[in-house]
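Structure file run_28.pdb with PDB, C-alpha atoms:
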ATOM      1  CA  MET A 984     163.266  78.721 203.647
ATOM      2  CA  ASP A 985     163.181  81.922 205.651
ATOM      3  CA  LEU A 986     166.238  83.878 206.610
ATOM      4  CA  GLU A 987     166.305  82.831 210.266
ATOM      5  CA  ALA A 988     166.415  79.132 209.436
ATOM      6  CA  ALA A 989     169.053  79.674 206.768
ATOM      7  CA  LYS A 990     171.174  81.700 209.198
ATOM      8  CA  VAL A 991     171.099  78.979 211.811
ATOM      9  CA  ILE A 992     171.968  76.259 209.290
ATOM     10  CA  GLY A 993     174.783  78.412 207.903
ATOM     11  CA  ALA A 994     176.232  78.956 211.360
ATOM     12  CA  GLY A 995     176.108  75.243 212.044
ATOM     13  CA  LEU A 996     177.954  74.495 208.803
ATOM     14  CA  ALA A 997     180.590  77.139 209.574
ATOM     15  CA  ALA A 998     181.204  75.513 212.944
ATOM     16  CA  ILE A 999     182.451  72.373 211.157
ATOM     17  CA  GLY A1000     185.533  74.423 210.287
ATOM     18  CA  VAL A1001     186.244  74.794 213.989
ATOM     19  CA  GLY A1002     186.362  71.007 214.273
ATOM     20  CA  ALA A1003     188.837  70.887 211.406
ATOM     21  CA  ALA A1004     191.040  73.367 213.265
ATOM     22  CA  ALA A1005     190.909  71.110 216.309
ATOM     23  CA  ILE A1006     192.600  68.402 214.248
ATOM     24  CA  GLY A1007     195.259  70.903 213.193
ATOM     25  CA  VAL A1008     196.010  72.088 216.709
ATOM     26  CA  GLY A1009     196.106  68.509 217.974
ATOM     27  CA  HIS A1010     198.560  67.633 215.206
ATOM     28  CA  VAL A1011     200.896  70.488 216.192
ATOM     29  CA  PHE A1012     201.020  69.557 219.846
ATOM     30  CA  GLY A1013     201.095  65.834 219.042
ATOM     31  CA  SER A1014     204.169  66.122 216.853
ATOM     32  CA  PHE A1015     205.864  68.268 219.471
ATOM     33  CA  LEU A1016     205.161  65.757 222.232
ATOM     34  CA  GLU A1017     206.223  62.812 220.093
ATOM     35  CA  SER A1018     209.567  64.328 219.239
ATOM     36  CA  ALA A1019     210.041  65.825 222.711
ATOM     37  CA  ILE A1020     209.900  62.353 224.234
ATOM     38  CA  ARG A1021     212.597  61.228 221.821
ATOM     39  CA  ASN A1022     214.906  64.151 222.567
ATOM     40  CA  PRO A1023     213.896  65.792 225.852
ATOM     41  CA  ALA A1024     217.002  67.945 226.109
ATOM     42  CA  ALA A1025     216.241  69.765 222.865
ATOM     43  CA  ALA A1026     212.543  70.142 223.595
ATOM     44  CA  ASP A1027     212.703  73.272 225.736
ATOM     45  CA  GLY A1028     214.537  75.203 223.054
ATOM     46  CA  GLN A1029     211.698  74.689 220.580
ATOM     47  CA  GLN A1030     208.895  75.783 222.858
ATOM     48  CA  GLY A1031     208.650  79.173 221.150
ATOM     49  CA  ARG A1032     208.044  77.559 217.765
ATOM     50  CA  LEU A1033     205.467  75.253 219.346
ATOM     51  CA  PHE A1034     203.360  78.255 220.339
ATOM     52  CA  ILE A1035     203.829  79.912 216.961
ATOM     53  CA  GLY A1036     202.514  76.770 215.267
ATOM     54  CA  PHE A1037     199.633  76.578 217.720
ATOM     55  CA  ALA A1038     198.736  80.220 217.087
ATOM     56  CA  ALA A1039     198.705  79.744 213.328
ATOM     57  CA  ALA A1040     196.504  76.622 213.474
ATOM     58  CA  GLU A1041     194.169  78.147 216.038
ATOM     59  CA  LEU A1042     193.783  81.358 214.044
ATOM     60  CA  LEU A1043     192.166  79.546 211.136
ATOM     61  CA  GLY A1044     189.733  77.804 213.462
ATOM     62  CA  LEU A1045     188.871  81.120 215.059
ATOM     63  CA  ILE A1046     188.274  82.597 211.604
ATOM     64  CA  ALA A1047     185.704  79.825 211.021
ATOM     65  CA  PHE A1048     184.099  80.714 214.372
ATOM     66  CA  ALA A1049     184.080  84.397 213.380
ATOM     67  CA  VAL A1050     182.303  83.470 210.121
ATOM     68  CA  ALA A1051     179.668  81.580 212.148
ATOM     69  CA  MET A1052     179.163  84.586 214.404
ATOM     70  CA  ILE A1053     178.884  86.952 211.422
ATOM     71  CA  ILE A1054     176.263  84.709 209.826
ATOM     72  CA  LEU A1055     174.280  84.494 213.051
ATOM     73  CA  PHE A1056     174.421  88.058 214.296
ATOM     74  CA  VAL A1057     175.361  90.368 211.439
ATOM     75  CA  VAL A1058     173.608  89.049 208.333
TER      76      VAL A1058
ATOM     77  CA  MET B 703     158.411  72.643 230.845
ATOM     78  CA  ALA B 704     158.758  76.348 231.667
ATOM     79  CA  ALA B 705     158.497  79.003 228.968
ATOM     80  CA  GLU B 706     161.396  79.087 226.498
ATOM     81  CA  THR B 707     163.689  82.055 227.060
ATOM     82  CA  ARG B 708     166.352  82.648 224.469
ATOM     83  CA  ILE B 709     169.905  82.418 225.652
ATOM     84  CA  ASP B 710     171.722  85.648 224.809
ATOM     85  CA  PRO B 711     175.464  85.053 225.124
ATOM     86  CA  MET B 712     176.363  88.405 223.578
ATOM     87  CA  HIS B 713     174.937  90.579 226.344
ATOM     88  CA  GLN B 714     178.099  90.311 228.437
ATOM     89  CA  PHE B 715     180.098  92.092 225.716
ATOM     90  CA  GLN B 716     177.795  95.097 225.512
ATOM     91  CA  ILE B 717     179.472  98.442 226.008
ATOM     92  CA  SER B 718     177.330 100.677 228.198
ATOM     93  CA  PRO B 719     178.076 104.319 228.935
ATOM     94  CA  LEU B 720     178.691 105.215 232.567
ATOM     95  CA  ALA B 721     178.335 108.976 232.140
ATOM     96  CA  GLY B 722     176.387 110.541 229.302
ATOM     97  CA  ASN B 723     175.001 108.641 226.344
ATOM     98  CA  LEU B 724     176.683 107.073 223.369
ATOM     99  CA  ASP B 725     174.934 109.313 220.819
ATOM    100  CA  GLY B 726     176.589 112.422 222.175
ATOM    101  CA  SER B 727     180.234 113.240 221.830
ATOM    102  CA  PRO B 728     182.633 110.435 220.856
ATOM    103  CA  PHE B 729     184.385 110.726 224.240
ATOM    104  CA  VAL B 730     182.091 108.843 226.597
ATOM    105  CA  PHE B 731     183.292 107.076 229.713
ATOM    106  CA  THR B 732     182.079 103.517 229.184
ATOM    107  CA  ASN B 733     182.352 100.345 231.219
ATOM    108  CA  SER B 734     185.105  99.271 228.819
ATOM    109  CA  ALA B 735     187.103 102.379 229.744
ATOM    110  CA  LEU B 736     186.499 101.715 233.436
ATOM    111  CA  TRP B 737     187.835  98.182 233.161
ATOM    112  CA  MET B 738     190.856  99.416 231.225
ATOM    113  CA  LEU B 739     191.563 101.805 234.108
ATOM    114  CA  ILE B 740     191.248  98.897 236.542
ATOM    115  CA  VAL B 741     193.732  96.875 234.437
ATOM    116  CA  MET B 742     196.141  99.816 234.427
ATOM    117  CA  GLY B 743     195.770 100.177 238.199
ATOM    118  CA  LEU B 744     196.536  96.516 238.783
ATOM    119  CA  ILE B 745     199.617  96.587 236.547
ATOM    120  CA  TRP B 746     200.764  99.774 238.312
ATOM    121  CA  LEU B 747     200.370  98.126 241.728
ATOM    122  CA  PHE B 748     202.266  95.072 240.532
ATOM    123  CA  MET B 749     205.175  97.093 239.203
ATOM    124  CA  MET B 750     205.309  99.446 242.207
ATOM    125  CA  GLY B 751     205.712  96.448 244.476
ATOM    126  CA  GLY B 752     208.882  95.509 242.649
ATOM    127  CA  MET B 753     210.464  98.946 242.605
ATOM    128  CA  LYS B 754     212.089  98.750 246.035
ATOM    129  CA  ARG B 755     215.401  97.853 244.359
ATOM    130  CA  GLN B 756     216.673  95.680 247.155
ATOM    131  CA  LEU B 757     220.022  94.094 246.399
ATOM    132  CA  VAL B 758     218.705  90.730 247.554
ATOM    133  CA  PRO B 759     215.198  90.876 246.089
ATOM    134  CA  GLY B 760     212.133  89.886 248.046
ATOM    135  CA  ARG B 761     209.381  87.742 246.541
ATOM    136  CA  TRP B 762     207.393  90.550 244.902
ATOM    137  CA  GLN B 763     210.502  92.022 243.304
ATOM    138  CA  MET B 764     211.457  88.543 242.125
ATOM    139  CA  ALA B 765     208.077  88.220 240.434
ATOM    140  CA  VAL B 766     208.409  91.581 238.683
ATOM    141  CA  GLU B 767     211.972  90.783 237.655
ATOM    142  CA  GLY B 768     210.791  87.397 236.446
ATOM    143  CA  VAL B 769     208.261  88.911 234.042
ATOM    144  CA  THR B 770     210.578  91.653 232.800
ATOM    145  CA  GLY B 771     213.392  89.134 232.374
ATOM    146  CA  PHE B 772     211.066  86.838 230.449
ATOM    147  CA  ILE B 773     210.159  89.582 227.958
ATOM    148  CA  THR B 774     213.766  90.807 227.680
ATOM    149  CA  SER B 775     215.061  87.302 226.995
ATOM    150  CA  MET B 776     212.280  86.712 224.437
ATOM    151  CA  LEU B 777     213.352  89.867 222.598
ATOM    152  CA  SER B 778     217.090  89.186 222.749
ATOM    153  CA  VAL B 779     216.638  85.580 221.584
ATOM    154  CA  ASN B 780     214.336  86.444 218.691
ATOM    155  CA  VAL B 781     215.618  89.855 217.588
ATOM    156  CA  GLY B 782     219.186  90.037 218.864
ATOM    157  CA  PRO B 783     220.906  92.684 220.957
ATOM    158  CA  GLU B 784     218.954  95.456 219.203
ATOM    159  CA  GLY B 785     215.752  93.948 220.525
ATOM    160  CA  ARG B 786     216.099  95.582 223.921
ATOM    161  CA  LYS B 787     214.748  98.843 222.487
ATOM    162  CA  TYR B 788     211.345  97.215 222.054
ATOM    163  CA  VAL B 789     211.022  95.787 225.563
ATOM    164  CA  PRO B 790     208.736  98.619 226.797
ATOM    165  CA  TRP B 791     206.181  98.071 224.030
ATOM    166  CA  VAL B 792     206.215  94.254 224.137
ATOM    167  CA  PHE B 793     206.098  94.258 227.931
ATOM    168  CA  THR B 794     203.174  96.686 227.861
ATOM    169  CA  ILE B 795     201.075  94.611 225.485
ATOM    170  CA  PHE B 796     201.962  91.368 227.250
ATOM    171  CA  MET B 797     201.004  92.661 230.703
ATOM    172  CA  PHE B 798     197.907  94.487 229.439
ATOM    173  CA  ILE B 799     196.552  91.487 227.534
ATOM    174  CA  LEU B 800     197.380  89.035 230.330
ATOM    175  CA  THR B 801     195.814  91.192 233.052
ATOM    176  CA  ALA B 802     192.766  92.084 230.969
ATOM    177  CA  ASN B 803     192.161  88.442 230.019
ATOM    178  CA  ILE B 804     192.486  87.136 233.564
ATOM    179  CA  LEU B 805     190.383  89.986 234.982
ATOM    180  CA  GLY B 806     187.615  88.974 232.584
ATOM    181  CA  MET B 807     187.663  85.473 234.070
ATOM    182  CA  MET B 808     187.284  86.612 237.668
ATOM    183  CA  PRO B 809     183.963  85.772 239.395
ATOM    184  CA  PHE B 810     182.762  89.317 239.981
ATOM    185  CA  ALA B 811     179.237  88.169 239.183
ATOM    186  CA  LEU B 812     179.058  86.814 242.723
ATOM    187  CA  ILE B 813     178.271  90.421 243.656
ATOM    188  CA  PRO B 814     174.718  90.944 242.372
ATOM    189  CA  GLY B 815     174.493  93.372 239.475
ATOM    190  CA  LEU B 816     178.209  93.268 238.666
ATOM    191  CA  HIS B 817     179.915  91.242 235.969
ATOM    192  CA  ALA B 818     183.483  91.060 234.821
ATOM    193  CA  PHE B 819     184.102  92.727 231.477
ATOM    194  CA  THR B 820     186.919  91.465 229.274
ATOM    195  CA  VAL B 821     188.545  94.493 227.719
ATOM    196  CA  THR B 822     190.305  92.408 225.062
ATOM    197  CA  SER B 823     187.008  90.951 223.859
ATOM    198  CA  GLN B 824     186.439  94.127 221.833
ATOM    199  CA  PHE B 825     187.913  94.083 218.343
ATOM    200  CA  THR B 826     188.630  97.799 218.603
ATOM    201  CA  VAL B 827     190.936  97.294 221.591
ATOM    202  CA  THR B 828     192.879  94.391 220.088
ATOM    203  CA  GLY B 829     192.815  96.144 216.710
ATOM    204  CA  VAL B 830     194.514  99.228 218.102
ATOM    205  CA  MET B 831     197.239  97.140 219.751
ATOM    206  CA  ALA B 832     197.789  95.210 216.514
ATOM    207  CA  ILE B 833     197.885  98.437 214.486
ATOM    208  CA  ILE B 834     200.505  99.932 216.804
ATOM    209  CA  SER B 835     202.616  96.761 216.624
ATOM    210  CA  PHE B 836     202.361  96.729 212.834
ATOM    211  CA  SER B 837     203.168 100.434 212.624
ATOM    212  CA  ILE B 838     206.294  99.857 214.704
ATOM    213  CA  VAL B 839     207.290  97.131 212.229
ATOM    214  CA  LEU B 840     206.699  99.380 209.197
ATOM    215  CA  ILE B 841     208.354 102.471 210.667
ATOM    216  CA  VAL B 842     211.404 100.571 211.906
ATOM    217  CA  GLY B 843     211.661  98.638 208.644
ATOM    218  CA  PHE B 844     211.542 101.665 206.375
ATOM    219  CA  TRP B 845     213.723 103.787 208.672
ATOM    220  CA  LYS B 846     216.461 101.187 208.815
ATOM    221  CA  HIS B 847     216.386  99.746 205.325
ATOM    222  CA  GLY B 848     214.571 102.230 203.121
ATOM    223  CA  PHE B 849     213.136 100.610 200.018
ATOM    224  CA  HIS B 850     215.345  97.559 200.586
ATOM    225  CA  PHE B 851     212.626  96.600 203.079
ATOM    226  CA  PHE B 852     210.666  95.129 200.180
ATOM    227  CA  SER B 853     213.295  92.393 199.868
ATOM    228  CA  LEU B 854     211.488  90.864 202.844
ATOM    229  CA  PHE B 855     208.932  89.458 200.416
ATOM    230  CA  VAL B 856     211.519  87.688 198.276
ATOM    231  CA  PRO B 857     212.796  84.540 200.027
ATOM    232  CA  SER B 858     216.472  84.132 199.257
ATOM    233  CA  GLY B 859     217.324  81.785 196.446
ATOM    234  CA  THR B 860     213.990  81.450 194.678
ATOM    235  CA  PRO B 861     214.135  81.163 190.873
ATOM    236  CA  PHE B 862     212.443  84.018 189.033
ATOM    237  CA  VAL B 863     209.596  81.841 187.737
ATOM    238  CA  LEU B 864     208.497  81.033 191.280
ATOM    239  CA  GLN B 865     209.064  84.598 192.446
ATOM    240  CA  ILE B 866     206.174  85.805 190.269
ATOM    241  CA  ILE B 867     203.812  83.662 192.338
ATOM    242  CA  ILE B 868     205.543  83.839 195.710
ATOM    243  CA  VAL B 869     206.075  87.590 196.033
ATOM    244  CA  PRO B 870     202.360  88.536 195.823
ATOM    245  CA  ILE B 871     201.499  85.730 198.251
ATOM    246  CA  GLU B 872     204.157  86.894 200.690
ATOM    247  CA  PHE B 873     202.981  90.486 200.324
ATOM    248  CA  ILE B 874     199.365  89.601 201.047
ATOM    249  CA  SER B 875     200.295  87.444 204.034
ATOM    250  CA  PHE B 876     202.362  90.349 205.338
ATOM    251  CA  LEU B 877     199.395  92.704 205.073
ATOM    252  CA  VAL B 878     197.127  90.209 206.843
ATOM    253  CA  ARG B 879     199.422  90.201 209.916
ATOM    254  CA  PRO B 880     197.820  92.989 211.983
ATOM    255  CA  PHE B 881     194.365  91.690 211.190
ATOM    256  CA  SER B 882     195.308  88.180 212.270
ATOM    257  CA  LEU B 883     196.931  89.465 215.488
ATOM    258  CA  ALA B 884     193.802  91.349 216.469
ATOM    259  CA  LEU B 885     191.377  88.629 215.359
ATOM    260  CA  ARG B 886     193.175  85.791 217.153
ATOM    261  CA  LEU B 887     193.051  87.416 220.574
ATOM    262  CA  PHE B 888     189.567  88.869 220.173
ATOM    263  CA  VAL B 889     187.894  85.667 218.959
ATOM    264  CA  ALA B 890     189.702  83.488 221.529
ATOM    265  CA  MET B 891     188.313  85.640 224.315
ATOM    266  CA  ILE B 892     184.814  85.836 222.821
ATOM    267  CA  ALA B 893     184.630  82.100 222.142
ATOM    268  CA  GLY B 894     185.611  81.200 225.698
ATOM    269  CA  HIS B 895     183.148  83.595 227.270
ATOM    270  CA  ILE B 896     180.266  82.555 224.995
ATOM    271  CA  LEU B 897     180.873  78.887 225.790
ATOM    272  CA  VAL B 898     180.825  79.523 229.528
ATOM    273  CA  GLU B 899     177.762  81.785 229.266
ATOM    274  CA  VAL B 900     175.750  79.210 227.307
ATOM    275  CA  PHE B 901     176.467  76.450 229.814
ATOM    276  CA  ALA B 902     175.792  78.789 232.714
ATOM    277  CA  ASN B 903     172.376  79.416 231.203
ATOM    278  CA  PHE B 904     171.891  75.648 231.074
ATOM    279  CA  VAL B 905     172.636  75.491 234.800
ATOM    280  CA  VAL B 906     169.972  78.075 235.581
ATOM    281  CA  GLN B 907     167.385  76.664 233.182
ATOM    282  CA  GLY B 908     168.014  73.141 234.440
ATOM    283  CA  LEU B 909     167.365  74.196 238.001
ATOM    284  CA  ASN B 910     164.230  76.069 236.953
ATOM    285  CA  SER B 911     162.722  73.028 235.256
ATOM    286  CA  GLY B 912     161.707  70.428 237.795
ATOM    287  CA  GLY B 913     161.991  66.680 237.853
ATOM    288  CA  VAL B 914     165.198  64.704 237.921
ATOM    289  CA  VAL B 915     166.682  65.483 234.495
ATOM    290  CA  GLY B 916     166.815  69.266 235.061
ATOM    291  CA  PRO B 917     169.087  69.335 238.120
ATOM    292  CA  ALA B 918     171.192  66.513 236.660
ATOM    293  CA  VAL B 919     171.834  68.630 233.548
ATOM    294  CA  SER B 920     172.618  71.571 235.833
ATOM    295  CA  LEU B 921     175.189  69.568 237.757
ATOM    296  CA  LEU B 922     176.879  68.249 234.617
ATOM    297  CA  SER B 923     176.948  71.730 233.073
ATOM    298  CA  PHE B 924     178.440  73.158 236.248
ATOM    299  CA  VAL B 925     181.237  70.595 236.307
ATOM    300  CA  PHE B 926     181.840  71.286 232.615
ATOM    301  CA  ILE B 927     182.029  75.019 233.290
ATOM    302  CA  MET B 928     184.671  74.432 235.972
ATOM    303  CA  GLY B 929     186.817  72.481 233.521
ATOM    304  CA  VAL B 930     186.346  75.045 230.752
ATOM    305  CA  MET B 931     187.262  77.897 233.096
ATOM    306  CA  ALA B 932     190.528  76.163 233.971
ATOM    307  CA  LEU B 933     191.262  75.742 230.256
ATOM    308  CA  GLU B 934     190.297  79.368 229.643
ATOM    309  CA  LEU B 935     192.830  80.587 232.214
ATOM    310  CA  LEU B 936     195.470  78.691 230.248
ATOM    311  CA  VAL B 937     194.164  80.163 226.987
ATOM    312  CA  CYS B 938     194.355  83.672 228.510
ATOM    313  CA  ALA B 939     198.032  83.245 229.290
ATOM    314  CA  ILE B 940     198.779  81.556 225.962
ATOM    315  CA  GLN B 941     197.033  84.266 223.917
ATOM    316  CA  ALA B 942     198.961  86.999 225.745
ATOM    317  CA  TYR B 943     202.228  85.141 225.120
ATOM    318  CA  VAL B 944     201.368  84.484 221.458
ATOM    319  CA  PHE B 945     200.544  88.173 220.832
ATOM    320  CA  ALA B 946     203.845  89.270 222.378
ATOM    321  CA  LEU B 947     205.829  86.528 220.623
ATOM    322  CA  LEU B 948     204.365  87.283 217.194
ATOM    323  CA  THR B 949     205.002  91.012 217.696
ATOM    324  CA  THR B 950     208.599  90.120 218.540
ATOM    325  CA  LEU B 951     208.938  87.991 215.410
ATOM    326  CA  TYR B 952     207.465  90.716 213.203
ATOM    327  CA  ILE B 953     209.902  93.213 214.735
ATOM    328  CA  ASN B 954     212.681  90.732 213.957
ATOM    329  CA  ASP B 955     211.507  90.671 210.338
ATOM    330  CA  ALA B 956     211.786  94.452 210.237
ATOM    331  CA  VAL B 957     215.106  94.798 212.044
ATOM    332  CA  ASN B 958     217.013  91.856 210.536
ATOM    333  CA  LEU B 959     215.431  91.389 207.129
ATOM    334  CA  HIS B 960     215.932  87.665 206.875
TER     335      HIS B 960
END

Would you give me this structure, written as structure tokens?
Amino acid sequence: MDLEAAKVIGAGLAAIGVGAAAIGVGHVFGSFLESAIRNPAAADGQQGRLFIGFAAAELLGLIAFAVAMIILFVV
Amino acid sequence: MAAETRIDPMHQFQISPLAGNLDGSPFVFTNSALWMLIVMGLIWLFMMGGMKRQLVPGRWQMAVEGVTGFITSMLSVNVGPEGRKYVPWVFTIFMFILTANILGMMPFALIPGLHAFTVTSQFTVTGVMAIISFSIVLIVGFWKHGFHFFSLFVPSGTPFVLQIIIVPIEFISFLVRPFSLALRLFVAMIAGHILVEVFANFVVQGLNSGGVVGPAVSLLSFVFIMGVMALELLVCAIQAYVFALLTTLYINDAVNLH
């Protein structure tokens, strides 16, 4: 198969990693919401850690997106 | 169907020189530099409006005090009383990233020939900010603690057998920090803009192709773009906050070792 077709298929496969990161980010916010409803008074104090967890999960998804972009435009 | 034209979502990120050409000297005034000047001008205007120092502050001064108080409290909560020294740097990166992100979302393309340029969508810009943050961490860490700074990589109370595995892992994850800071912001901005650009192309191509399906696709894409833009404004603010918060936490690692 020629390089163009392989590049496009590779980028499509790399984008699956972005979907996996979506599960991770949803899990972070889901756990926060679930426990915030149980203890609303303590929820606001943990908001900083919520965004740290979101940033870490999102970073890995963005790395997968960066790999897709590298395959498409740099290789 | 009309002739296929390739959608090029990367054209909006192209850096074009405004005076001179890029092959000449390394100091060329580019559109990226122009937009950075615009960001600086906006931040300057915002801060000047709050400098009246009224005893009972008006609304503008309240807004400025709100942002500065937010950053100061973030630093004192995460670093402690010594954190106040770093408020200028953290405030600078927070305001710069927030303003640059939001400016990139503004609909300047309504004026023909103009388009908003997101300064933080260039890896060089975010890379420099991440390098400066990381350098502050290293310089402060080694100035305060000397070689004891390396005890940061040894979590307290680990048995020696685990330390052989954990210390290299901690060291590598420490070195990845500036790269991850820069990459997170840069890719978040690029991903949002590419998504909007691709669907905007669908709007135009749908209108160009006749029939019923074309304009229907255009309408759906347009509604989708509106939703994505709202989400992107939230992502702009979140990414600015995350960059500032992570810088604060890394400074906390340097100042108070554990």

Discussion item. Please determine, counting all atoms listed in the file, which residue among B:Val830, B:Ala956, B:Ile896, B:Leu724 has the shortest atom-to-atom distance to Trp845 in chain B.
Written reply: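 Closest to Trp845 in chain B of all the choices is B:Ala956.
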
Discussion item. Residues near range 810-817 of chain B, anyone? I mean within 9 Å using only C-alpha atoms, not counting same-chain ones fewer than 3 positions away, as a ChimeraX atom specification.
Written reply: /B:714,806-807

Could you spell out the hits of the ChimeraX specification (/A :<10) & /B on the shown file, as a PDB file with C-alpha atoms, in the frame of the given file?
ATOM      1  CA  MET B 712     176.363  88.405 223.578  1.00  0.00           C
ATOM      2  CA  MET B 776     212.280  86.712 224.437  1.00  0.00           C
ATOM      3  CA  ASN B 780     214.336  86.444 218.691  1.00  0.00           C
ATOM      4  CA  SER B 882     195.308  88.180 212.270  1.00  0.00           C
ATOM      5  CA  LEU B 883     196.931  89.465 215.488  1.00  0.00           C
ATOM      6  CA  LEU B 885     191.377  88.629 215.359  1.00  0.00           C
ATOM      7  CA  ARG B 886     193.175  85.791 217.153  1.00  0.00           C
ATOM      8  CA  LEU B 887     193.051  87.416 220.574  1.00  0.00           C
ATOM      9  CA  PHE B 888     189.567  88.869 220.173  1.00  0.00           C
ATOM     10  CA  VAL B 889     187.894  85.667 218.959  1.00  0.00           C
ATOM     11  CA  ALA B 890     189.702  83.488 221.529  1.00  0.00           C
ATOM     12  CA  ILE B 892     184.814  85.836 222.821  1.00  0.00           C
ATOM     13  CA  ALA B 893     184.630  82.100 222.142  1.00  0.00           C
ATOM     14  CA  ILE B 940     198.779  81.556 225.962  1.00  0.00           C
ATOM     15  CA  GLN B 941     197.033  84.266 223.917  1.00  0.00           C
ATOM     16  CA  TYR B 943     202.228  85.141 225.120  1.00  0.00           C
ATOM     17  CA  VAL B 944     201.368  84.484 221.458  1.00  0.00           C
ATOM     18  CA  PHE B 945     200.544  88.173 220.832  1.00  0.00           C
ATOM     19  CA  LEU B 947     205.829  86.528 220.623  1.00  0.00           C
ATOM     20  CA  LEU B 948     204.365  87.283 217.194  1.00  0.00           C
ATOM     21  CA  LEU B 951     208.938  87.991 215.410  1.00  0.00           C
TER      22      LEU B 951
END

Worksheet entry | Answer key for the PyMOL selection byres ((chain B and resi 828) around 9), residues as a ChimeraX atom specification | /B:799,821-827,829-833,883-885,887-888

Item to complete: Find the residues around Gly752 in chain B up to 6 Å (all atoms listed in the file counted), leave out those fewer than 3 positions away in its own chain, and share them as a list of chain:residue names.
Response: B:Met749, B:Trp762, B:Gln763, B:Val766

Limited to C-alpha atoms, could you put the picked residues into a file as a PDB file, keeping the file's coordinate frame?
ATOM      1  CA  MET B 749     205.175  97.093 239.203  1.00  0.00           C
ATOM      2  CA  TRP B 762     207.393  90.550 244.902  1.00  0.00           C
ATOM      3  CA  GLN B 763     210.502  92.022 243.304  1.00  0.00           C
ATOM      4  CA  VAL B 766     208.409  91.581 238.683  1.00  0.00           C
TER       5      VAL B 766
END

Item to complete: Decode the PyMOL selection byres ((chain A and resi 991) around 12) for the given file into explicit residues and return them as a PyMOL selection string.
Response: chain A and resi 984-990+992-998+1051-1056+1058

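Taking CA of Ser734 in chain B and CA of Ala802 in chain B as endpoints, the distance between them is 10.7 Å.
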
Fill in: Nearest to Gln1029 in chain A by atom-to-atom distance, counting all atoms listed in the file, from A:Val1008, A:Leu1016, A:Ile999, A:Ala1047
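Smallest distance to Gln1029 in chain A is found for A:Leu1016.
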
Item to complete: For range 854-868 of chain B, please output as a PyMOL selection string all residues within 9 Å (counting all atoms listed in the file; exclusion window: fewer than 3 positions along the same chain).
Response: chain B and resi 850-851+871-873+876+955-956+959-960

Discussion item. Just to confirm, what's the straight-line distance from CA of Thr770 in chain B to CA of Trp737 in chain B in Å (one decimal)?
Written reply: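 Distance reported for this atom pair: 23.7 Å.
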
Put a box with edges along x, y and z around all the listed atoms of range 1019-1037 of chain A, pad it by 4 Å on each side, then give me its centre and sizes in Å, one decimal, as lines of an AutoDock Vina configuration file.
center_x = 208.3
center_y = 70.6
center_z = 220.7
size_x = 25.4
size_y = 26.7
size_z = 18.8

Worksheet item: Looking at only C-alpha atoms, which of B:Leu909, B:Ile927, B:Ala902, B:Ala765 is the one that sits closest to Asp710 in chain B?
Response: B:Ala902

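Nearest residue to Gln1030 in chain A, choosing from A:Val1001, A:Ile1006, A:Val1011, A:Val1050 and counting all atoms listed in the file: A:Val1011.
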
Worksheet item: Got a sec: who's within 12 Å of Pro783 in chain B, counting only C-alpha atoms, leaving out chain neighbours fewer than 5 positions off, as a ChimeraX atom specification?
Response: /B:774-778,788-789,954,957-958
